[in-house]
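Beneath this line is the structure, given in structure tokens, with notes to follow.
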Amino acid sequence: MKKYLGVLTLVLSICFTACDKDDDQVATIVLGCTDENAENYNANATDDNGTCTYSVSFLLDGQWNIDLLEYESEVDLSQIDPSILPEEFQTIWPLIVAGLGDIVNIEGEAEDAGGIEIIRLNSTYNQILIFETEPSEIQIPIVGSQEIPSIPIDINSSGTWILNDNEEIIIFTDQEANTEQNFEILTLTEDMARFKGNLNVPLDLEGFFSIDVDLDLDLQLSRVN
């Protein structure tokens, strides 16, 4: 009887020891962010709980495709020098401006309009902006209907970038032209972004006039990698 009692005591002792070990393992689980790239990385966390947050610069890093570009601009006709116009329009230009008004709106959208590579390591960027404006038509007094054809926009830019205004604005500075593009960051996640800003581009209406205009741009981007 004593022999069996001793065996039972030994078995119970082993069971209690195993239970104590299990309790110790449960107690060492620490929930938190386990991604070292995150702002709230917890070196003591053993299990990721999905709370990781990332800096704006980290999220911007990579290649982005411009899925959709919406553009809008106001062309001030009163600022156009009549001497750059075809001869047949020079004398009647004041009448045209009077009939159309000083301001003519140009707007439209384009899909797959280029891309932006933003490099976090050395704060540089490469940008390709390539699309065609949508054709439109205006009524010119005396002359009649005048078609504004699609105008190709093809701009390559590279240089440096910085964040401003509490990381809500990204400023691209072209190395060669020494010009700036300022974009407000409206949306930014790991997979998509939306920028809104302004860009000066050449507007060439072949056979009529060629001027530089400021385009208000709304860019919807998706991450390539």
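Residue numbers start at 1 in each chain; chains themselves are named A, B, ... in the order of the structure tokens; ligands are numbered from 1 in the order shown.
Residues in contact range of Ala113 (chain A), defined as at most 12 Å between only C-alpha atoms, with sequence neighbours fewer than 3 positions away removed, read A:Trp64, A:Asn65, A:Ile66, A:Asp67, A:Leu68, A:Leu69, A:Glu70, A:Tyr71, A:Glu109, A:Ala110, A:Ile116, A:Gln127, A:Ile128, A:Leu129, A:Ile130, A:Phe131, A:Glu132, A:Thr133, A:Pro152, A:Ile153, A:Asp154, A:Ile155, A:Leu217, A:Asp218, A:Leu219, A:Gln220, A:Leu221, A:Ser222.
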Keeping N, CA and C atoms, export the residues of the selection given above as a PDB file, in the first residue's frame.
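The file below, part_9.pdb, is the result:
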```pdb
ATOM      1  N   TRP A  64       5.632  54.204 -57.172  1.00  0.00           N
ATOM      2  CA  TRP A  64       4.194  54.429 -57.217  1.00  0.00           C
ATOM      3  C   TRP A  64       3.748  54.665 -58.657  1.00  0.00           C
ATOM      4  N   ASN A  65       2.655  54.053 -59.025  1.00  0.00           N
ATOM      5  CA  ASN A  65       2.051  54.291 -60.333  1.00  0.00           C
ATOM      6  C   ASN A  65       0.930  55.322 -60.186  1.00  0.00           C
ATOM      7  N   ILE A  66       0.866  56.279 -61.125  1.00  0.00           N
ATOM      8  CA  ILE A  66      -0.216  57.267 -61.116  1.00  0.00           C
ATOM      9  C   ILE A  66      -1.406  56.655 -61.860  1.00  0.00           C
ATOM     10  N   ASP A  67      -2.309  56.046 -61.111  1.00  0.00           N
ATOM     11  CA  ASP A  67      -3.458  55.364 -61.713  1.00  0.00           C
ATOM     12  C   ASP A  67      -4.419  56.349 -62.359  1.00  0.00           C
ATOM     13  N   LEU A  68      -4.669  57.453 -61.687  1.00  0.00           N
ATOM     14  CA  LEU A  68      -5.613  58.459 -62.185  1.00  0.00           C
ATOM     15  C   LEU A  68      -5.085  59.844 -61.863  1.00  0.00           C
ATOM     16  N   LEU A  69      -5.145  60.711 -62.862  1.00  0.00           N
ATOM     17  CA  LEU A  69      -4.712  62.098 -62.699  1.00  0.00           C
ATOM     18  C   LEU A  69      -5.843  63.011 -63.139  1.00  0.00           C
ATOM     19  N   GLU A  70      -6.280  63.876 -62.259  1.00  0.00           N
ATOM     20  CA  GLU A  70      -7.274  64.890 -62.611  1.00  0.00           C
ATOM     21  C   GLU A  70      -6.578  66.249 -62.641  1.00  0.00           C
ATOM     22  N   TYR A  71      -6.824  67.002 -63.709  1.00  0.00           N
ATOM     23  CA  TYR A  71      -6.142  68.285 -63.855  1.00  0.00           C
ATOM     24  C   TYR A  71      -7.152  69.397 -64.113  1.00  0.00           C
ATOM     25  N   GLU A 109      -9.168  64.491 -67.136  1.00  0.00           N
ATOM     26  CA  GLU A 109      -8.491  63.447 -66.366  1.00  0.00           C
ATOM     27  C   GLU A 109      -7.775  62.493 -67.305  1.00  0.00           C
ATOM     28  N   ALA A 110      -6.844  61.740 -66.744  1.00  0.00           N
ATOM     29  CA  ALA A 110      -6.089  60.762 -67.524  1.00  0.00           C
ATOM     30  C   ALA A 110      -5.746  59.581 -66.636  1.00  0.00           C
ATOM     31  N   ILE A 116       5.992  57.758 -59.874  1.00  0.00           N
ATOM     32  CA  ILE A 116       6.942  58.448 -59.006  1.00  0.00           C
ATOM     33  C   ILE A 116       7.705  57.397 -58.189  1.00  0.00           C
ATOM     34  N   GLN A 127      10.544  61.113 -61.271  1.00  0.00           N
ATOM     35  CA  GLN A 127       9.137  61.253 -61.643  1.00  0.00           C
ATOM     36  C   GLN A 127       8.968  61.270 -63.162  1.00  0.00           C
ATOM     37  N   ILE A 128       7.982  60.552 -63.629  1.00  0.00           N
ATOM     38  CA  ILE A 128       7.581  60.609 -65.035  1.00  0.00           C
ATOM     39  C   ILE A 128       6.101  60.969 -65.070  1.00  0.00           C
ATOM     40  N   LEU A 129       5.795  62.087 -65.718  1.00  0.00           N
ATOM     41  CA  LEU A 129       4.413  62.523 -65.862  1.00  0.00           C
ATOM     42  C   LEU A 129       4.112  62.542 -67.350  1.00  0.00           C
ATOM     43  N   ILE A 130       3.284  61.609 -67.806  1.00  0.00           N
ATOM     44  CA  ILE A 130       3.027  61.510 -69.232  1.00  0.00           C
ATOM     45  C   ILE A 130       1.542  61.211 -69.475  1.00  0.00           C
ATOM     46  N   PHE A 131       0.870  62.142 -70.138  1.00  0.00           N
ATOM     47  CA  PHE A 131      -0.542  61.972 -70.466  1.00  0.00           C
ATOM     48  C   PHE A 131      -0.923  62.984 -71.532  1.00  0.00           C
ATOM     49  N   GLU A 132      -2.138  62.894 -72.021  1.00  0.00           N
ATOM     50  CA  GLU A 132      -2.659  63.854 -72.987  1.00  0.00           C
ATOM     51  C   GLU A 132      -3.914  64.506 -72.422  1.00  0.00           C
ATOM     52  N   THR A 133      -3.998  65.821 -72.576  1.00  0.00           N
ATOM     53  CA  THR A 133      -5.212  66.496 -72.129  1.00  0.00           C
ATOM     54  C   THR A 133      -6.381  66.066 -73.014  1.00  0.00           C
ATOM     55  N   PRO A 152      -0.185  66.786 -75.630  1.00  0.00           N
ATOM     56  CA  PRO A 152       0.656  65.834 -74.887  1.00  0.00           C
ATOM     57  C   PRO A 152       1.476  66.522 -73.812  1.00  0.00           C
ATOM     58  N   ILE A 153       1.476  65.936 -72.633  1.00  0.00           N
ATOM     59  CA  ILE A 153       2.305  66.395 -71.519  1.00  0.00           C
ATOM     60  C   ILE A 153       3.311  65.283 -71.223  1.00  0.00           C
ATOM     61  N   ASP A 154       4.575  65.598 -71.318  1.00  0.00           N
ATOM     62  CA  ASP A 154       5.628  64.599 -71.083  1.00  0.00           C
ATOM     63  C   ASP A 154       6.741  65.266 -70.287  1.00  0.00           C
ATOM     64  N   ILE A 155       6.772  65.018 -68.985  1.00  0.00           N
ATOM     65  CA  ILE A 155       7.723  65.683 -68.098  1.00  0.00           C
ATOM     66  C   ILE A 155       8.491  64.636 -67.293  1.00  0.00           C
ATOM     67  N   LEU A 217      -3.293  69.615 -59.893  1.00  0.00           N
ATOM     68  CA  LEU A 217      -3.303  68.169 -60.101  1.00  0.00           C
ATOM     69  C   LEU A 217      -3.829  67.435 -58.874  1.00  0.00           C
ATOM     70  N   ASP A 218      -4.597  66.394 -59.132  1.00  0.00           N
ATOM     71  CA  ASP A 218      -5.066  65.482 -58.096  1.00  0.00           C
ATOM     72  C   ASP A 218      -4.631  64.087 -58.534  1.00  0.00           C
ATOM     73  N   LEU A 219      -3.647  63.521 -57.835  1.00  0.00           N
ATOM     74  CA  LEU A 219      -3.054  62.244 -58.225  1.00  0.00           C
ATOM     75  C   LEU A 219      -3.521  61.118 -57.316  1.00  0.00           C
ATOM     76  N   GLN A 220      -3.997  60.040 -57.922  1.00  0.00           N
ATOM     77  CA  GLN A 220      -4.318  58.819 -57.175  1.00  0.00           C
ATOM     78  C   GLN A 220      -3.289  57.769 -57.557  1.00  0.00           C
ATOM     79  N   LEU A 221      -2.557  57.297 -56.563  1.00  0.00           N
ATOM     80  CA  LEU A 221      -1.423  56.412 -56.811  1.00  0.00           C
ATOM     81  C   LEU A 221      -1.584  55.057 -56.130  1.00  0.00           C
ATOM     82  N   SER A 222      -0.959  54.059 -56.727  1.00  0.00           N
ATOM     83  CA  SER A 222      -0.898  52.726 -56.105  1.00  0.00           C
ATOM     84  C   SER A 222       0.546  52.262 -56.077  1.00  0.00           C
TER      85      SER A 222
END
```
Original post:
Within 8 Å of Arg223 (chain A), counting only C-alpha atoms, which residues qualify if same-chain residues fewer than 6 places away don't, as a ChimeraX atom specification?
Top reply: /A:62-65,190-192
Subject >> Nearest to Ser158 (chain A) by atom-to-atom distance, counting only C-alpha atoms, from A:Pro82, A:Gly115, A:Pro135, A:Gly108 >> reply: A:Gly115
**OP:** Find the spatial neighbours of Glu176 (chain A), counting only C-alpha atoms, within a cut-off of 12 Å - ignore same-chain residues fewer than 2 positions away - and output them as a count of residues only.
**Re:** 10
**OP:** Would you kindly return, as a ChimeraX atom specification, each protein, DNA or RNA residue with an atom no farther than 10 Å from any atom of Leu121 (chain A), considering only C-alpha atoms and excluding same-chain residues fewer than 2 positions away?
**Re:** /A:57-58,61,118-119,123-124
**OP:** Would you list the contacts of Ile169 (chain A) as a PyMOL selection string, taking every protein, DNA or RNA residue within 7 Å and counting only C-alpha atoms, but skipping same-chain residues closer than 5 positions in sequence?
**Re:** chain A and resi 163-164+182-185
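Reported to one decimal place, the separation of CA of Ile170 (chain A) from CA of Asn198 (chain A) is 11.9 Å.
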Original post:
What does the distance from CA of Trp161 (chain A) to CA of Leu215 (chain A) come to in Å, to one decimal?
Top reply: 20.1 Å
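In this structure, CA of Gln181 (chain A) sits 28.1 Å away from CA of Asn37 (chain A).
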